[in-house]
Structure formats: C-alpha cells, structure tokens
>>> print(open('entry.txt').read())   # compact mmCIF, C-alpha atoms and all ligand atoms
# COMPACT_ATOMS: atom_id res chain seq x y z
CA MET J 1 -14.08 8.18 8.16
CA THR J 2 -15.07 5.88 10.99
CA ILE J 3 -17.07 2.67 10.95
CA SER J 4 -20.61 3.90 11.62
CA THR J 5 -23.22 2.35 13.90
CA GLU J 6 -25.16 1.34 10.77
CA ILE J 7 -22.23 -0.74 9.59
CA TYR J 8 -22.00 -2.55 12.92
CA ALA J 9 -25.76 -3.20 12.65
CA GLU J 10 -25.31 -4.59 9.11
CA ARG J 11 -22.55 -6.91 10.33
CA ARG J 12 -24.81 -8.19 13.10
CA ALA J 13 -27.66 -8.76 10.67
CA ARG J 14 -25.38 -10.79 8.40
CA PHE J 15 -24.00 -12.78 11.33
CA LEU J 16 -27.50 -13.48 12.71
CA GLY J 17 -28.60 -14.58 9.24
CA ARG J 18 -25.75 -17.05 9.02
CA LEU J 19 -26.30 -18.49 12.50
CA GLY J 20 -29.63 -20.03 11.43
CA GLY J 21 -31.22 -21.19 14.68
CA VAL J 22 -27.98 -21.27 16.68
CA ALA J 23 -27.43 -18.72 19.47
CA ALA J 24 -23.97 -17.13 19.77
CA VAL J 25 -22.15 -16.00 22.91
CA ILE J 26 -19.29 -13.62 22.04
CA PRO J 27 -17.32 -12.24 25.02
CA ALA J 28 -15.33 -9.02 25.12
CA ALA J 29 -11.71 -9.16 26.28
CA PRO J 30 -10.90 -8.76 29.98
CA LEU J 31 -8.19 -6.40 31.17
CA ALA J 32 -4.80 -8.15 31.22
CA VAL J 33 -2.41 -7.67 34.12
CA HIS J 34 1.12 -6.65 33.18
CA HIS J 35 2.86 -6.99 36.55
CA ALA J 36 1.70 -6.68 40.14
CA ASP J 37 -1.69 -5.01 39.80
CA CYS J 38 -0.82 -2.83 36.78
CA GLU J 39 -2.81 -3.50 33.67
CA TRP J 40 -1.87 -3.35 30.01
CA PRO J 41 -3.76 -0.78 27.97
CA PHE J 42 -7.10 -2.37 27.09
CA ARG J 43 -7.29 -4.31 23.81
CA GLN J 44 -10.74 -5.45 22.73
CA ASN J 45 -11.40 -8.96 21.39
CA SER J 46 -11.58 -8.41 17.62
CA ASP J 47 -14.62 -10.70 17.09
CA PHE J 48 -16.58 -8.80 19.73
CA TRP J 49 -15.39 -5.47 18.34
CA TYR J 50 -16.34 -6.39 14.77
CA LEU J 51 -19.93 -7.01 15.84
CA THR J 52 -20.40 -4.25 18.42
CA GLY J 53 -17.84 -1.42 18.22
CA PHE J 54 -18.06 -1.47 22.04
CA ASP J 55 -14.67 -0.81 23.59
CA GLU J 56 -15.07 -1.83 27.23
CA PRO J 57 -13.72 -4.91 29.01
CA ASP J 58 -15.70 -7.81 30.46
CA ALA J 59 -18.86 -7.36 28.39
CA VAL J 60 -20.65 -10.28 26.70
CA ALA J 61 -22.76 -10.12 23.54
CA LEU J 62 -25.57 -12.59 22.85
CA PHE J 63 -26.89 -13.14 19.33
CA LEU J 64 -30.26 -14.85 19.46
CA PRO J 65 -31.65 -15.61 16.00
CA HIS J 66 -34.07 -18.16 17.49
CA ARG J 67 -36.08 -15.29 18.97
CA PRO J 68 -37.50 -13.61 15.87
CA GLU J 69 -40.08 -11.74 17.97
CA GLY J 70 -37.79 -10.96 20.88
CA GLU J 71 -34.41 -9.37 21.47
CA GLN J 72 -31.77 -10.74 19.13
CA PHE J 73 -28.79 -8.64 20.22
CA VAL J 74 -28.33 -8.50 23.99
CA LEU J 75 -25.34 -6.96 25.75
CA PHE J 76 -24.13 -7.62 29.27
CA VAL J 77 -21.92 -4.71 30.38
CA GLN J 78 -20.33 -3.12 33.42
CA PRO J 79 -23.07 -0.87 34.77
CA LYS J 80 -22.48 2.80 35.40
CA GLU J 81 -20.90 3.28 38.81
CA PRO J 82 -19.31 6.62 39.76
CA SER J 83 -17.07 5.11 42.43
CA ALA J 84 -15.50 2.77 39.83
CA GLU J 85 -15.49 5.30 36.97
CA VAL J 86 -13.51 7.77 39.07
CA TRP J 87 -10.66 5.21 39.03
CA THR J 88 -10.89 3.60 35.60
CA GLY J 89 -12.90 6.01 33.48
CA PHE J 90 -16.20 6.39 31.71
CA ARG J 91 -18.57 3.47 31.15
CA TRP J 92 -21.51 3.49 28.78
CA GLY J 93 -23.57 1.32 31.11
CA CYS J 94 -26.78 -0.49 30.17
CA GLU J 95 -28.50 2.61 28.84
CA GLY J 96 -25.59 3.56 26.60
CA ALA J 97 -25.33 -0.04 25.35
CA VAL J 98 -28.88 0.25 24.03
CA GLU J 99 -28.92 3.87 22.87
CA ARG J 100 -25.44 4.17 21.47
CA PHE J 101 -24.52 0.62 20.48
CA GLY J 102 -27.87 -0.67 19.25
CA ALA J 103 -28.44 -3.48 21.74
CA ASP J 104 -32.08 -4.58 21.90
CA LEU J 105 -31.58 -4.95 25.64
CA ALA J 106 -28.67 -4.63 28.07
CA HIS J 107 -28.08 -6.01 31.55
CA PRO J 108 -25.33 -5.66 34.16
CA ARG J 109 -22.58 -8.23 33.54
CA ALA J 110 -23.14 -9.66 37.01
CA GLU J 111 -26.57 -10.93 35.86
CA LEU J 112 -25.18 -13.11 33.05
CA GLU J 113 -25.14 -16.26 35.17
CA GLU J 114 -28.82 -16.08 36.15
CA ARG J 115 -30.09 -14.92 32.71
CA LEU J 116 -28.01 -16.86 30.19
CA ALA J 117 -29.97 -20.14 30.30
CA ASP J 118 -33.26 -18.34 29.62
CA TYR J 119 -31.86 -16.49 26.65
CA LEU J 120 -30.48 -19.69 25.14
CA LYS J 121 -33.78 -21.55 25.53
CA GLY J 122 -35.13 -22.65 22.14
CA ALA J 123 -31.82 -22.31 20.29
CA GLU J 124 -30.79 -25.25 18.12
CA GLY J 125 -27.22 -24.97 19.32
CA ILE J 126 -24.76 -22.66 21.05
CA ALA J 127 -21.91 -20.97 19.18
CA PHE J 128 -19.12 -20.26 21.63
CA ARG J 129 -15.35 -20.41 21.26
CA VAL J 130 -14.18 -22.90 23.88
CA GLY J 131 -10.75 -22.40 25.45
CA LYS J 132 -10.44 -18.64 24.99
CA HIS J 133 -12.72 -17.04 27.57
CA PRO J 134 -12.11 -18.61 30.98
CA GLN J 135 -14.43 -16.19 32.80
CA VAL J 136 -17.43 -16.86 30.55
CA GLU J 137 -16.88 -20.50 29.61
CA PRO J 138 -18.16 -22.03 32.92
CA LEU J 139 -21.39 -20.04 32.59
CA VAL J 140 -21.95 -21.27 29.03
CA PHE J 141 -21.26 -24.87 30.07
CA GLN J 142 -23.63 -24.53 33.01
CA ALA J 143 -26.44 -23.21 30.80
CA TRP J 144 -25.78 -25.87 28.17
CA ALA J 145 -25.66 -28.67 30.76
CA GLY J 146 -29.01 -27.49 32.16
CA GLN J 147 -30.55 -27.76 28.69
CA LEU J 148 -29.13 -31.23 28.16
CA ASP J 149 -30.52 -32.34 31.55
CA ARG J 150 -34.00 -31.15 30.64
CA ALA J 151 -33.92 -32.34 27.02
CA PRO J 152 -35.56 -35.74 27.61
CA ARG J 153 -38.54 -34.04 29.28
CA SER J 154 -38.75 -30.84 27.26
CA GLY J 155 -37.97 -32.53 23.95
CA ALA J 156 -35.92 -29.51 22.92
CA ALA J 157 -32.41 -28.37 23.69
CA ALA J 158 -29.39 -26.77 22.16
CA LEU J 159 -27.66 -30.12 21.70
CA ALA J 160 -24.62 -28.89 19.85
CA LEU J 161 -21.88 -26.61 21.08
CA VAL J 162 -20.23 -25.21 17.96
CA SER J 163 -17.56 -22.66 17.18
CA PRO J 164 -18.67 -19.28 15.80
CA CYS J 165 -15.27 -18.84 14.19
CA SER J 166 -15.78 -20.08 10.65
CA LEU J 167 -19.00 -18.02 10.18
CA LEU J 168 -17.64 -14.87 11.72
CA HIS J 169 -14.15 -15.09 10.29
CA GLU J 170 -15.45 -15.54 6.78
CA LEU J 171 -17.18 -12.18 7.22
CA ARG J 172 -14.05 -10.55 8.67
CA LEU J 173 -11.85 -11.90 5.89
CA ARG J 174 -13.68 -9.83 3.24
CA LYS J 175 -13.19 -6.16 4.00
CA SER J 176 -15.90 -3.65 3.11
CA THR J 177 -15.27 -0.32 1.37
CA GLU J 178 -15.26 1.41 4.76
CA GLU J 179 -12.81 -1.07 6.25
CA LEU J 180 -10.45 -0.66 3.30
CA GLU J 181 -10.55 3.08 3.92
CA ARG J 182 -9.50 2.50 7.54
CA MET J 183 -6.72 0.18 6.42
CA ARG J 184 -5.45 2.84 3.99
CA GLU J 185 -5.26 5.20 6.96
CA ALA J 186 -3.30 2.66 9.05
CA ALA J 187 -1.05 2.07 6.05
CA ARG J 188 -0.50 5.81 5.51
CA ILE J 189 0.58 6.47 9.10
CA SER J 190 2.76 3.35 9.17
CA ALA J 191 4.45 4.23 5.86
CA GLU J 192 5.15 7.79 7.00
CA ALA J 193 6.77 6.45 10.17
CA HIS J 194 9.10 4.26 8.10
CA GLU J 195 10.12 7.24 5.99
CA LEU J 196 10.87 9.27 9.15
CA ALA J 197 12.84 6.41 10.65
CA ARG J 198 15.07 6.14 7.60
CA GLN J 199 15.77 9.86 7.73
CA VAL J 200 17.01 9.73 11.35
CA ALA J 201 18.85 6.39 11.32
CA ARG J 202 22.63 6.71 11.41
CA PRO J 203 25.61 4.86 12.90
CA GLY J 204 25.88 5.29 16.67
CA LEU J 205 22.16 5.62 17.41
CA ASN J 206 20.49 3.00 19.57
CA GLU J 207 17.81 0.88 17.87
CA ARG J 208 15.41 2.13 20.52
CA GLN J 209 15.90 5.74 19.46
CA VAL J 210 14.66 4.81 15.99
CA GLN J 211 11.75 2.91 17.57
CA ALA J 212 10.86 6.11 19.45
CA VAL J 213 10.62 8.10 16.21
CA ILE J 214 8.30 5.52 14.70
CA GLU J 215 6.01 5.17 17.68
CA GLN J 216 5.90 8.91 18.30
CA HIS J 217 4.57 9.35 14.79
CA PHE J 218 1.87 6.72 15.38
CA LEU J 219 0.64 8.59 18.46
CA GLU J 220 0.96 12.04 16.90
CA GLN J 221 -1.23 10.88 14.04
CA GLY J 222 -3.94 9.71 16.42
CA ALA J 223 -3.30 5.98 16.25
CA ARG J 224 -3.83 3.95 19.41
CA GLY J 225 -0.26 2.72 19.26
CA THR J 226 1.65 -0.14 17.72
CA ALA J 227 -0.06 -3.05 16.02
CA TYR J 228 2.60 -5.39 17.49
CA GLY J 229 5.97 -5.00 19.18
CA SER J 230 8.07 -2.91 16.76
CA ILE J 231 11.11 -4.73 15.42
CA VAL J 232 14.10 -2.40 14.97
CA ALA J 233 16.98 -4.71 14.19
CA GLY J 234 20.45 -3.61 13.13
CA GLY J 235 22.83 -6.02 11.36
CA ASP J 236 22.68 -9.62 12.53
CA ASN J 237 19.74 -8.86 14.88
CA ALA J 238 17.59 -8.81 11.74
CA CYS J 239 18.15 -12.57 11.42
CA VAL J 240 16.02 -13.04 14.57
CA LEU J 241 12.53 -12.94 13.11
CA HIS J 242 10.77 -11.71 16.24
CA TYR J 243 13.58 -9.52 17.58
CA THR J 244 12.04 -6.93 19.90
CA ALA J 245 14.86 -6.14 22.35
CA ASN J 246 15.65 -3.05 20.19
CA ASN J 247 18.58 -2.08 22.39
CA ALA J 248 21.75 -2.32 20.31
CA ILE J 249 23.87 0.42 18.75
CA LEU J 250 23.48 0.81 14.99
CA ARG J 251 26.78 0.06 13.28
CA ASP J 252 28.36 1.69 10.26
CA GLY J 253 28.17 -0.79 7.38
CA ASP J 254 25.19 -2.77 8.69
CA LEU J 255 21.65 -2.88 7.39
CA LEU J 256 18.69 -1.87 9.54
CA LEU J 257 15.49 -3.92 9.34
CA ILE J 258 12.37 -2.22 10.70
CA ASP J 259 9.09 -4.13 10.97
CA ALA J 260 6.52 -1.76 12.46
CA GLY J 261 2.91 -0.75 11.96
CA CYS J 262 0.32 1.25 13.82
CA SER J 263 -3.04 0.20 15.21
CA LEU J 264 -5.81 2.76 14.79
CA ASN J 265 -8.34 3.64 17.46
CA ASP J 266 -10.72 1.18 15.84
CA TYR J 267 -8.00 -1.47 15.73
CA TYR J 268 -7.28 -1.62 11.98
CA ASN J 269 -3.58 -2.32 11.54
CA GLY J 270 -0.62 -1.60 9.32
CA ASP J 271 2.27 -4.06 9.03
CA ILE J 272 5.30 -2.85 7.07
CA THR J 273 8.91 -4.00 6.89
CA ARG J 274 11.68 -2.04 5.25
CA THR J 275 15.43 -2.72 5.25
CA PHE J 276 18.08 -0.15 4.34
CA PRO J 277 21.80 0.62 4.84
CA ILE J 278 22.46 2.53 8.07
CA ASN J 279 25.20 4.63 6.50
CA GLY J 280 23.27 5.19 3.28
CA ARG J 281 25.37 2.82 1.09
CA PHE J 282 24.80 -0.87 0.36
CA SER J 283 27.85 -3.14 0.30
CA ALA J 284 28.05 -5.39 -2.77
CA GLU J 285 26.71 -8.39 -0.82
CA GLN J 286 23.93 -6.38 0.82
CA ARG J 287 22.87 -4.94 -2.51
CA ALA J 288 22.85 -8.34 -4.22
CA LEU J 289 20.62 -9.85 -1.54
CA TYR J 290 18.45 -6.74 -1.27
CA GLU J 291 17.78 -6.68 -5.00
CA LEU J 292 16.95 -10.36 -4.90
CA VAL J 293 14.43 -9.96 -2.06
CA LEU J 294 12.95 -6.91 -3.77
CA SER J 295 12.45 -8.69 -7.08
CA ALA J 296 10.87 -11.68 -5.27
CA GLN J 297 8.63 -9.32 -3.31
CA GLU J 298 7.56 -7.37 -6.39
CA ALA J 299 6.81 -10.58 -8.28
CA ALA J 300 4.80 -11.89 -5.30
CA VAL J 301 2.85 -8.62 -5.03
CA ALA J 302 2.14 -8.81 -8.78
CA ALA J 303 0.69 -12.30 -8.22
CA VAL J 304 -2.04 -10.90 -5.93
CA ALA J 305 -5.29 -10.93 -7.94
CA PRO J 306 -8.75 -12.48 -7.75
CA GLY J 307 -8.62 -16.22 -8.39
CA GLN J 308 -5.00 -16.54 -7.23
CA THR J 309 -4.15 -17.96 -3.78
CA ALA J 310 -1.94 -16.97 -0.85
CA GLU J 311 -0.11 -20.24 -1.53
CA GLY J 312 0.57 -19.13 -5.09
CA VAL J 313 1.91 -15.79 -3.84
CA HIS J 314 4.26 -17.67 -1.49
CA ASP J 315 5.39 -20.06 -4.23
CA THR J 316 6.19 -17.14 -6.53
CA ALA J 317 8.44 -15.58 -3.90
CA VAL J 318 10.15 -18.86 -2.99
CA ARG J 319 10.96 -19.72 -6.60
CA MET J 320 12.53 -16.32 -7.30
CA LEU J 321 14.52 -16.39 -4.08
CA VAL J 322 15.84 -19.88 -4.77
CA GLU J 323 16.80 -19.04 -8.35
CA GLY J 324 18.65 -15.94 -7.17
CA LEU J 325 20.40 -17.77 -4.33
CA VAL J 326 21.65 -20.40 -6.77
CA ASP J 327 23.00 -17.63 -9.02
CA LEU J 328 24.80 -16.09 -6.04
CA GLY J 329 26.27 -19.46 -4.96
CA LEU J 330 24.41 -19.57 -1.65
CA LEU J 331 22.45 -22.61 -2.85
CA CYS J 332 23.30 -25.28 -5.37
CA GLY J 333 21.39 -27.87 -7.35
CA GLU J 334 18.26 -28.06 -9.39
CA ILE J 335 15.60 -25.43 -8.54
CA ASP J 336 12.60 -27.77 -8.27
CA GLY J 337 14.55 -30.21 -6.10
CA ILE J 338 15.71 -27.45 -3.71
CA ILE J 339 12.12 -26.21 -3.36
CA GLU J 340 10.65 -29.69 -2.87
CA GLN J 341 13.22 -30.59 -0.22
CA GLY J 342 12.98 -27.19 1.50
CA ALA J 343 16.77 -26.93 1.17
CA TYR J 344 16.48 -23.12 1.22
CA ARG J 345 14.89 -22.90 4.66
CA HIS J 346 18.10 -22.05 6.53
CA LEU J 347 17.95 -18.76 4.56
CA TYR J 348 14.16 -18.21 4.23
CA MET J 349 12.22 -19.93 7.00
CA HIS J 350 8.82 -18.22 7.14
CA ARG J 351 5.73 -17.86 4.98
CA THR J 352 5.41 -14.96 2.56
CA GLY J 353 2.39 -13.36 4.22
CA HIS J 354 -0.81 -13.49 6.20
CA TRP J 355 -4.27 -11.94 6.22
CA LEU J 356 -4.36 -8.46 7.75
CA GLY J 357 -7.27 -6.64 9.38
CA LEU J 358 -8.47 -6.13 12.94
CA ASP J 359 -5.84 -8.68 13.94
CA VAL J 360 -2.34 -8.35 12.52
CA HIS J 361 -2.33 -12.04 11.76
CA ASP J 362 -5.96 -11.77 10.80
CA VAL J 363 -8.60 -14.47 10.85
CA GLY J 364 -9.83 -16.45 7.88
CA ALA J 365 -8.88 -19.77 6.36
CA TYR J 366 -5.96 -20.10 3.95
CA ARG J 367 -7.06 -23.54 2.89
CA LEU J 368 -10.06 -25.78 3.33
CA GLY J 369 -8.69 -29.31 3.32
CA GLU J 370 -6.74 -29.67 0.09
CA HIS J 371 -8.36 -26.61 -1.47
CA HIS J 372 -6.46 -23.32 -1.24
CA VAL J 373 -8.81 -20.39 -0.67
CA GLU J 374 -8.95 -18.17 -3.74
CA LEU J 375 -8.26 -14.48 -3.34
CA GLU J 376 -11.34 -12.27 -3.71
CA PRO J 377 -11.77 -8.50 -3.87
CA GLY J 378 -11.72 -7.10 -0.33
CA MET J 379 -9.24 -9.55 1.10
CA VAL J 380 -6.04 -7.97 2.44
CA LEU J 381 -2.78 -9.81 2.88
CA THR J 382 0.82 -8.95 3.61
CA VAL J 383 3.56 -9.87 1.14
CA GLU J 384 6.81 -10.18 3.05
CA PRO J 385 9.60 -12.37 1.71
CA GLY J 386 13.04 -12.11 3.27
CA LEU J 387 16.51 -13.61 3.52
CA TYR J 388 18.37 -14.16 6.78
CA VAL J 389 22.01 -15.21 6.55
CA SER J 390 23.51 -16.39 9.81
CA ASP J 391 24.84 -19.50 11.53
CA ARG J 392 21.69 -20.05 13.58
CA LEU J 393 20.35 -22.89 11.45
CA PRO J 394 22.54 -25.69 10.04
CA VAL J 395 23.21 -25.68 6.29
CA PRO J 396 21.31 -28.68 4.83
CA GLU J 397 23.40 -31.56 3.55
CA GLY J 398 24.53 -30.98 -0.02
CA GLN J 399 24.22 -27.18 0.20
CA PRO J 400 27.27 -24.89 0.23
CA ALA J 401 28.81 -23.56 3.44
CA ILE J 402 28.14 -19.84 3.80
CA GLU J 403 31.09 -17.50 3.26
CA ALA J 404 31.69 -14.97 6.02
CA ARG J 405 31.01 -12.01 3.72
CA TRP J 406 27.28 -12.88 3.59
CA LYS J 407 26.76 -13.41 7.29
CA GLY J 408 24.88 -10.94 9.44
CA ILE J 409 22.67 -9.80 6.57
CA GLY J 410 18.93 -9.98 7.33
CA ILE J 411 16.47 -8.48 4.88
CA ARG J 412 12.67 -8.45 4.74
CA ILE J 413 10.42 -6.27 2.60
CA GLU J 414 6.74 -6.24 3.57
CA ASP J 415 3.75 -4.48 2.04
CA ASP J 416 0.03 -4.63 2.79
CA VAL J 417 -1.88 -5.54 -0.34
CA ALA J 418 -5.64 -5.43 -0.95
CA VAL J 419 -7.22 -7.62 -3.61
CA THR J 420 -9.26 -5.50 -6.04
CA ASP J 421 -11.72 -6.44 -8.81
CA HIS J 422 -8.99 -6.85 -11.41
CA GLY J 423 -5.75 -7.10 -9.46
CA HIS J 424 -4.50 -5.47 -6.30
CA GLU J 425 -3.80 -2.21 -4.50
CA ASN J 426 -0.56 -1.84 -2.58
CA LEU J 427 -1.71 0.06 0.51
CA THR J 428 1.82 0.72 1.71
CA ALA J 429 3.51 1.86 -1.50
CA ALA J 430 4.36 5.22 0.14
CA ALA J 431 7.10 3.51 2.15
CA LEU J 432 9.91 3.58 -0.39
CA LYS J 433 11.87 0.43 -1.20
CA ALA J 434 13.80 1.02 -4.45
CA PRO J 435 17.56 0.82 -3.70
CA ALA J 436 18.15 4.30 -5.12
CA ALA J 437 15.62 5.76 -2.66
CA LEU J 438 17.40 4.14 0.28
CA GLU J 439 20.91 5.37 -0.53
CA ARG J 440 22.27 8.82 0.16
N1 LIG J 501 5.04 -8.01 12.17
C1 LIG J 501 4.53 -9.29 12.20
C2 LIG J 501 4.52 -9.88 10.86
O1 LIG J 501 5.07 -9.33 9.94
O2 LIG J 501 3.91 -10.90 10.65
MN MN J 502 3.42 -9.38 8.59
MN MN J 503 5.56 -7.27 9.86
>>> encode(input="entry.txt", output="structure tokens", more="lines below")
Ligand code: GLY
Ligand code: MN
Ligand code: MN
Amino acid sequence: MTISTEIYAERRARFLGRLGGVAAVIPAAPLAVHHADCEWPFRQNSDFWYLTGFDEPDAVALFLPHRPEGEQFVLFVQPKEPSAEVWTGFRWGCEGAVERFGADLAHPRAELEERLADYLKGAEGIAFRVGKHPQVEPLVFQAWAGQLDRAPRSGAAALALVSPCSLLHELRLRKSTEELERMREAARISAEAHELARQVARPGLNERQVQAVIEQHFLEQGARGTAYGSIVAGGDNACVLHYTANNAILRDGDLLLIDAGCSLNDYYNGDITRTFPINGRFSAEQRALYELVLSAQEAAVAAVAPGQTAEGVHDTAVRMLVEGLVDLGLLCGEIDGIIEQGAYRHLYMHRTGHWLGLDVHDVGAYRLGEHHVELEPGMVLTVEPGLYVSDRLPVPEGQPAIEARWKGIGIRIEDDVAVTDHGHENLTAAALKAPAALER
C-alpha cells in the first residue's frame, strides 16, 4: 500500500481548514552538499512531504485559505528542462505538479519572488517557519514587509507572522490507518534486519560488517535506506549513545548493541534497538542487567494505552530500573529519593522514547505547559530504556562506586509502539528480545 493522492488531498483540506484565514508557505528541502560539490541523497522536508507527496528539491507550497474562489494550493517547482534533467534526473515540472500532485496552479520556482506578495494579499497572517529555510525566508519577509508598508493605506494586511508547526504537527502526530500500515512495513523490514544481524554476528567480525548486513537488507527490501546512522556498538562502545563509528572488532564475551531502522521510499521509519551476546552466551552480570532492562521495557510498553502519557511510560521504566539497580548494588538508598534526585543518571541518562513517524524523532508536543499530552489511538512512540555502565560520568555523591565486573556493559531495548483503541500494538515484536532467543 502507498499513500494515495486522495490522502494527500485530504491532509491539505484539513490543514487549510485549520489555517482559518492565514496563508501558509511550506518550502521543500534543498539538496545538501556533502563535500566539495557532491550532494547527499535527497531527503524531503517532512512537513512539505506530508502535504504534497512531491519528492523534488527547492519547491515551495502555498496554502491560501483566504482565496475561497481562487487557487488554494499553489506549487512553485523546478520547471522541466532537458539539459538539467540529463544530469540530475526527471522533474515533474509545472504540468506534472498540477496533474499528478493536485496543485490548483504551478509556477517555475524562479517566479516565487515576483508572485508571492500577490498570493498573500488578503490573508490575515502568514504561517512560515522562521529560521529553517534560508533560501525562502528573505522572500517571505519581503512580501510581508510590503504588506505592512501598505497597511495604513489599504487598511488590510497580514499583520502576524506565525509558525505553522503546531497546526501541522498535531495532524502528523496522529497517524491514519494508511500511515500505520506504512509504519508496519518499516517495522517489518527493520525487525528482519535485526534478526539477520544476530545470525551473522560473531567474535572477530568488524562492527561495520554487521552494519552491512543490516543495510543490505533495507535496500533489498525496497527501503530508501537507513532512517538514521546505524549504531553497531560492541562492548563498551554501546555506552556511547550516538556511537556511529562502527569500526571496531567484535570481542568474545562482549555484548553487541544494534540501533538501526530503515526509511521507506515515502519516508516512514523504523527505529529498533536490540542487544545480545556476541558469542551466544550472557555472562552473569550481562544477564542480570539485560533482564532488568527487558523487564523495565516490557512494563513501559504495557503502560502505552489511550489516556496514559509519554511521561508516564518513562516514569514506569525509570522506577523499575532504579529498583533493580538497588537490588544489584549498583545504586543505594530509598527509591523515591534516588528518582527525585536523578541519582541514577550516570547509568540511565536519556528519555525512554519519542514520537516516531516521517521523522525518526517525530513532531508533536509531549507537553503543553504543565499538561502532559495524553496518548491517543494513532500515535506512535518508541519505548527504549537502557543501562550504560562505564566511567564516563561521575558516580553521584552517596552512590556506590562501580565494580569492574559491571563496566563496559551497555544495553538498550527499543520497540516501536502504536497506541490503539484499547491499548497498544508493538510494531516491532518480530525482532526477538527474550534472553533464550538470543543465546545459542
Ligand atoms: N536511533 C535514534 C533513537 O533511538 O532515538
Ligand atoms: Mn529511538
Ligand atoms: Mn533507536
């Protein structure tokens, strides 16, 4: 299943409805240079993609709800040009933008500067995300400034410049049936890759060779590639949360932490972490910590249900981890006091999850002031507690020094979990995590 043109049209209708009389300017991403004049593979801006499904750089979408009789969805795109397309590939051009992508009207991108002010005329305000689109921002400011200059004479102007983010991101936070289907597909491919990786991992391999198995599977299955830089971290490397060097030899007796997920052609993402013994056998210390993280993770997943909050999911994981660490002698004191003081953070220093969707760390509020956003059916979040035992962070005063036998153990277990009407669906359950499934 793919997201159909009708679904993009429905999203636009909902967005236009929410804008009221405010016009929105939503730019596509530009190409990003990697080094010299070589470019990274193109990655569309997720807001623009959500509303258009148009996968070319440097376009700009206008949403014009103040023109009920006129065009409300206008695209500015790179026009068709054989001499450019022979170098960089096919373009839909203005005609394709209308016929294939449902624009009411399309113009060459080069005409944005001269046309923007006219299109914005009569809008109550302009919704544009300042600070993110350096090539488009001066044109929006210029059009806005022109309106403000004329306001005393015309008596009308888009006085306010507002952010489109809260409106748009509220829509993106709640996934439709079709989006959940795409996320199941991203989860399936990502989970299969983790299973393959565990089968090949053995002492003596380089982390990068395991990374190759994972990413090969993503591509073989038709994904665009990785959702983020794969983390393949043997032993103590797993205690570096964003380890991406992936260039060490896997050692007999160490654990291997793999945090990897694919990104589909339409940018829906998987995000899975699994940790297992490289030689197929947990040591006593590894098993104790693994079972603790697993029980915290399973309890946190179980806490995902309508009416609960991401904060509550995090608190569930933290409490179980702290209780277990006290039992193991890695923390001491009263549980509530340790949690309040954060005296566990040298061992667990990140949050338990994040929204997942078109962005890996997807958009949407977690709290509105003091109010934690309640989980609703269609929201998708990761649940990813971990423990990282090393000397990198100082042991807080009053907490026990860490014995050498625990050091160099880094564990995270991460699933992608959708909120359903009565509970949750673990999208990534096919990536095994029970200790018995990880040993051989
Ligand atoms: N892989 C990024 C994350 O887990 O948040
Ligand atoms: Mn994650
Ligand atoms: Mn992850």
>>> residues_around(input="entry.txt", residues="Arg224 of chain J", least_positions_apart="5", cutoff="8 Å", atoms="all atoms listed in the file", output="short mmCIF file (atom, residue, chain, number, x, y, z; two decimals) with C-alpha atoms, in the coordinates of the input")
data_model
loop_
_atom_site.label_atom_id
_atom_site.label_comp_id
_atom_site.auth_asym_id
_atom_site.auth_seq_id
_atom_site.Cartn_x
_atom_site.Cartn_y
_atom_site.Cartn_z
CA PHE J 218 1.87 6.72 15.38
CA LEU J 219 0.64 8.59 18.46
CA CYS J 262 0.32 1.25 13.82
CA SER J 263 -3.04 0.20 15.21
CA LEU J 264 -5.81 2.76 14.79
CA ASN J 265 -8.34 3.64 17.46
CA TYR J 267 -8.00 -1.47 15.73
#
>>> residues_near_ligand(input="entry.txt", ligand="ligand MN 502 (chain J)", cutoff="8 Å", atoms="only C-alpha atoms and all ligand atoms", output="VMD selection string")
chain J and resid 271 to 273 353 to 354 356 360 to 361 382 to 384 414
>>> closest_residue(input="entry.txt", among="J:Asn279, J:Glu291, J:Asn269, J:Leu432", to="Leu381 of chain J", atoms="only C-alpha atoms")
J:Asn269
>>> closest_atom_pairs(input="entry.txt", of="segment 105-189 of chain J", to="segment 84-95 of chain J", cutoff="8 Å", atoms="all atoms listed in the file", output="tab-separated table")
residue	atom	partner	partner_atom	distance
J:Leu105	CA	J:Cys94	CA	8.0
J:Ala106	CA	J:Cys94	CA	5.0
J:His107	CA	J:Cys94	CA	5.8
J:Pro108	CA	J:Cys94	CA	6.7
>>> residues_around(input="entry.txt", residues="Lys407 of chain J", least_positions_apart="5", cutoff="9 Å", atoms="all atoms listed in the file", output="list in words")
Asp236, Tyr388, Val389, Ser390, Asp391 and Ile402 of chain J
>>> atom_distance(input="entry.txt", atom1="atom CA of Leu325 of chain J", atom2="atom CA of Leu250 of chain J")
27.0 Å
>>> closest_residue(input="entry.txt", among="J:Ala36, J:Ile26, J:Ile189, J:Val77", to="Val98 of chain J", atoms="all atoms listed in the file")
J:Val77
>>> residues_around(input="entry.txt", residues="Arg274 of chain J", least_positions_apart="6", cutoff="6 Å", atoms="all atoms listed in the file", output="JSON, numbers by chain")
{"J": [257, 258, 413]}
>>> closest_atom_pairs(input="entry.txt", of="segment 133-230 of chain J", to="segment 114-125 of chain J", cutoff="6 Å", atoms="all atoms listed in the file", output="Markdown table")
| residue | atom | partner | partner_atom | distance |
| --- | --- | --- | --- | --- |
| J:Ala143 | CA | J:Ala117 | CA | 4.7 |
| J:Ala158 | CA | J:Gly125 | CA | 4.0 |
| J:Leu159 | CA | J:Gly125 | CA | 5.7 |
| J:Ala160 | CA | J:Gly125 | CA | 4.7 |
| J:Leu161 | CA | J:Gly125 | CA | 5.9 |
>>> axis_aligned_box(input="entry.txt", around="ligand LIG 501 (chain J)", padding_each_side="5 Å", output="AutoDock Vina command-line options")
--center_x 4.5 --center_y -9.5 --center_z 11.1 --size_x 11.2 --size_y 12.9 --size_z 12.3
>>> atom_distance(input="entry.txt", atom1="atom CA of Arg405 of chain J", atom2="atom CA of Glu285 of chain J")
7.2 Å
>>> atom_distance(input="entry.txt", atom1="atom CA of His372 of chain J", atom2="atom CA of Val130 of chain J")
26.3 Å
>>> decode(input="entry.txt", residues="segment 287-307 of chain J", atoms="C-alpha atoms", output="tab-separated table (two decimals), in the first residue's frame")
chain	number	residue	atom	x	y	z
J	287	ARG	CA	22.27	-11.36	32.04
J	288	ALA	CA	21.32	-9.58	35.27
J	289	LEU	CA	21.38	-6.18	33.59
J	290	TYR	CA	19.74	-7.46	30.41
J	291	GLU	CA	16.85	-8.99	32.33
J	292	LEU	CA	16.44	-5.77	34.26
J	293	VAL	CA	16.29	-3.61	31.11
J	294	LEU	CA	13.92	-6.10	29.49
J	295	SER	CA	11.51	-6.10	32.42
J	296	ALA	CA	11.59	-2.27	32.52
J	297	GLN	CA	11.00	-2.15	28.78
J	298	GLU	CA	8.12	-4.62	28.89
J	299	ALA	CA	6.49	-2.75	31.77
J	300	ALA	CA	6.90	0.55	29.87
J	301	VAL	CA	5.42	-0.96	26.69
J	302	ALA	CA	2.50	-2.29	28.77
J	303	ALA	CA	1.90	1.27	30.01
J	304	VAL	CA	1.19	2.50	26.45
J	305	ALA	CA	-2.59	3.00	26.19
J	306	PRO	CA	-5.06	5.79	25.48
J	307	GLY	CA	-5.19	8.27	28.35
